[in-house]
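See below for the structure under consideration.
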Amino acid sequence: MRKINYLVVHCSATREGCALTPEALEAEHRRRGFRTTGYHYYIRRDGTTVLTRPLALVGAHVKGYNKHSIGICYEGGLDARGCPKDTRTPEQRTALRLLVAHLLKQFRTARVCGHRDLSPDLNGNGTVEPAEWLKACPCFEVSTEL
């Protein structure tokens with residue numbers, strides 16, 4: 001198994017009220033040039049958690065960090081107008097907490113963070129601030145919830 005330093009949480013950038021099946025997610029990633037879904041796990045709105053990429057395979061979800069990370073994506077992340085919003089359902093919140101707890105048993109030293117938290121620290125102050133985010137993904141503050 002590869003060394004895992006990060007458990008990275010993402011959103012699928014799917015609008016409220018719209019579904020994105022695991023198959024549609026994979027098709028979207030293939031259109032972008034990936035061999036398959038870039039995330040390792042996908043959490044549907046009903047809380048169903050799908051393994052979308054074997055953990056032994058390097059992901060394709062956060063440039064510069066894929067080799068030593070596991071990508072976890074939840075369905076949603078945008079309001080009805082397409083603006084970033086924490087759209088997680090109670091079922092998704094529970095499933096995400098359980099999945100992260102399970103993964104931390106295996107990868108005890110891994111840092112749990114959001115995609116946006118791995119944006120470059122442009123001003124060099126040691127903190128990636130909202131003005132430095134490349135994306136709002138996952139549209140909630142991972143460090144305070146997980």
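Lettering and numbering for the structure tokens are positional, with chains as A, B, ... in the shown order, residues counted from 1 in each chain, and ligands counted from 1 in the shown order.
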
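Every protein or nucleic acid residue with an atom no more than 8 Å from region 97-104 of chain A, counting only C-alpha atoms and leaving out same-chain residues fewer than 5 positions away, appears here: Leu7, Thr109, Ala110, Val112 and Leu146 of chain A.
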
Could those selected residues go to a file with C-alpha atoms, as a short mmCIF file (atom, residue, chain, number, x, y, z; two decimals), in the first residue's frame?
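And here's result16.cif as it stands now:
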```cif
data_model
loop_
_atom_site.label_atom_id
_atom_site.label_comp_id
_atom_site.auth_asym_id
_atom_site.auth_seq_id
_atom_site.Cartn_x
_atom_site.Cartn_y
_atom_site.Cartn_z
CA LEU A 7 -7.38 12.43 3.27
CA THR A 109 -0.96 10.10 10.70
CA ALA A 110 -2.93 11.35 7.69
CA VAL A 112 -7.80 15.40 6.95
CA LEU A 146 -13.66 16.13 10.84
#
```

* Which polymer residues have any atom within 12 Å of an atom of Leu96 (chain A), counting only C-alpha atoms, with same-chain residues fewer than 2 positions away left out, as a ChimeraX atom specification? -> /A:7-11,41-50,71-75,88-94,98-103,112,142,145-146

* Would you give me, as JSON, numbers by chain, the residues in region 26-138 of chain A that DSSP reads as alpha helix (DSSP H)? -> {"A": [26, 27, 28, 29, 30, 31, 90, 91, 92, 93, 94, 95, 96, 97, 98, 99, 100, 101, 102, 103, 104, 105, 106]}

Next, dump the selected residues to file, keeping only C-alpha atoms, as an mmCIF file, in the first residue's frame.
```cif
data_model
loop_
_atom_site.group_PDB
_atom_site.id
_atom_site.type_symbol
_atom_site.label_atom_id
_atom_site.label_comp_id
_atom_site.auth_asym_id
_atom_site.auth_seq_id
_atom_site.Cartn_x
_atom_site.Cartn_y
_atom_site.Cartn_z
ATOM 1 C CA GLU A 26 -16.694 8.685 -14.119
ATOM 2 C CA ALA A 27 -17.823 9.778 -17.602
ATOM 3 C CA GLU A 28 -17.108 13.405 -16.661
ATOM 4 C CA HIS A 29 -13.601 12.510 -15.476
ATOM 5 C CA ARG A 30 -12.931 10.450 -18.625
ATOM 6 C CA ARG A 31 -13.964 13.449 -20.756
ATOM 7 C CA PRO A 90 -27.479 14.598 7.172
ATOM 8 C CA GLU A 91 -26.835 11.191 5.584
ATOM 9 C CA GLN A 92 -23.759 12.507 3.785
ATOM 10 C CA ARG A 93 -22.432 14.135 6.944
ATOM 11 C CA THR A 94 -22.750 10.842 8.825
ATOM 12 C CA ALA A 95 -21.250 8.791 5.988
ATOM 13 C CA LEU A 96 -18.315 11.183 5.672
ATOM 14 C CA ARG A 97 -17.568 11.103 9.402
ATOM 15 C CA LEU A 98 -17.717 7.282 9.422
ATOM 16 C CA LEU A 99 -15.513 6.946 6.335
ATOM 17 C CA VAL A 100 -12.884 9.347 7.667
ATOM 18 C CA ALA A 101 -12.849 7.578 11.045
ATOM 19 C CA HIS A 102 -12.422 4.228 9.287
ATOM 20 C CA LEU A 103 -9.575 5.525 7.094
ATOM 21 C CA LEU A 104 -7.813 7.145 10.055
ATOM 22 C CA LYS A 105 -7.650 3.736 11.754
ATOM 23 C CA GLN A 106 -5.552 2.544 8.822
#
```

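CA of Arg2 (chain A) to CA of Ile70 (chain A) spans 10.2 Å [interatomic distance, one decimal].
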
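Pairwise distance (CA of Thr37 (chain A), CA of Leu118 (chain A)) equals 19.9 Å.
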
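Remark: for Thr87 (chain A), the closest of the candidate residues A:Ser12, A:Thr36, A:Asn123, A:Thr21 is A:Ser12 (distances computed over only C-alpha atoms).
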
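Put simply, CA of Pro130 (chain A) is 16.4 Å away from CA of Gly77 (chain A).
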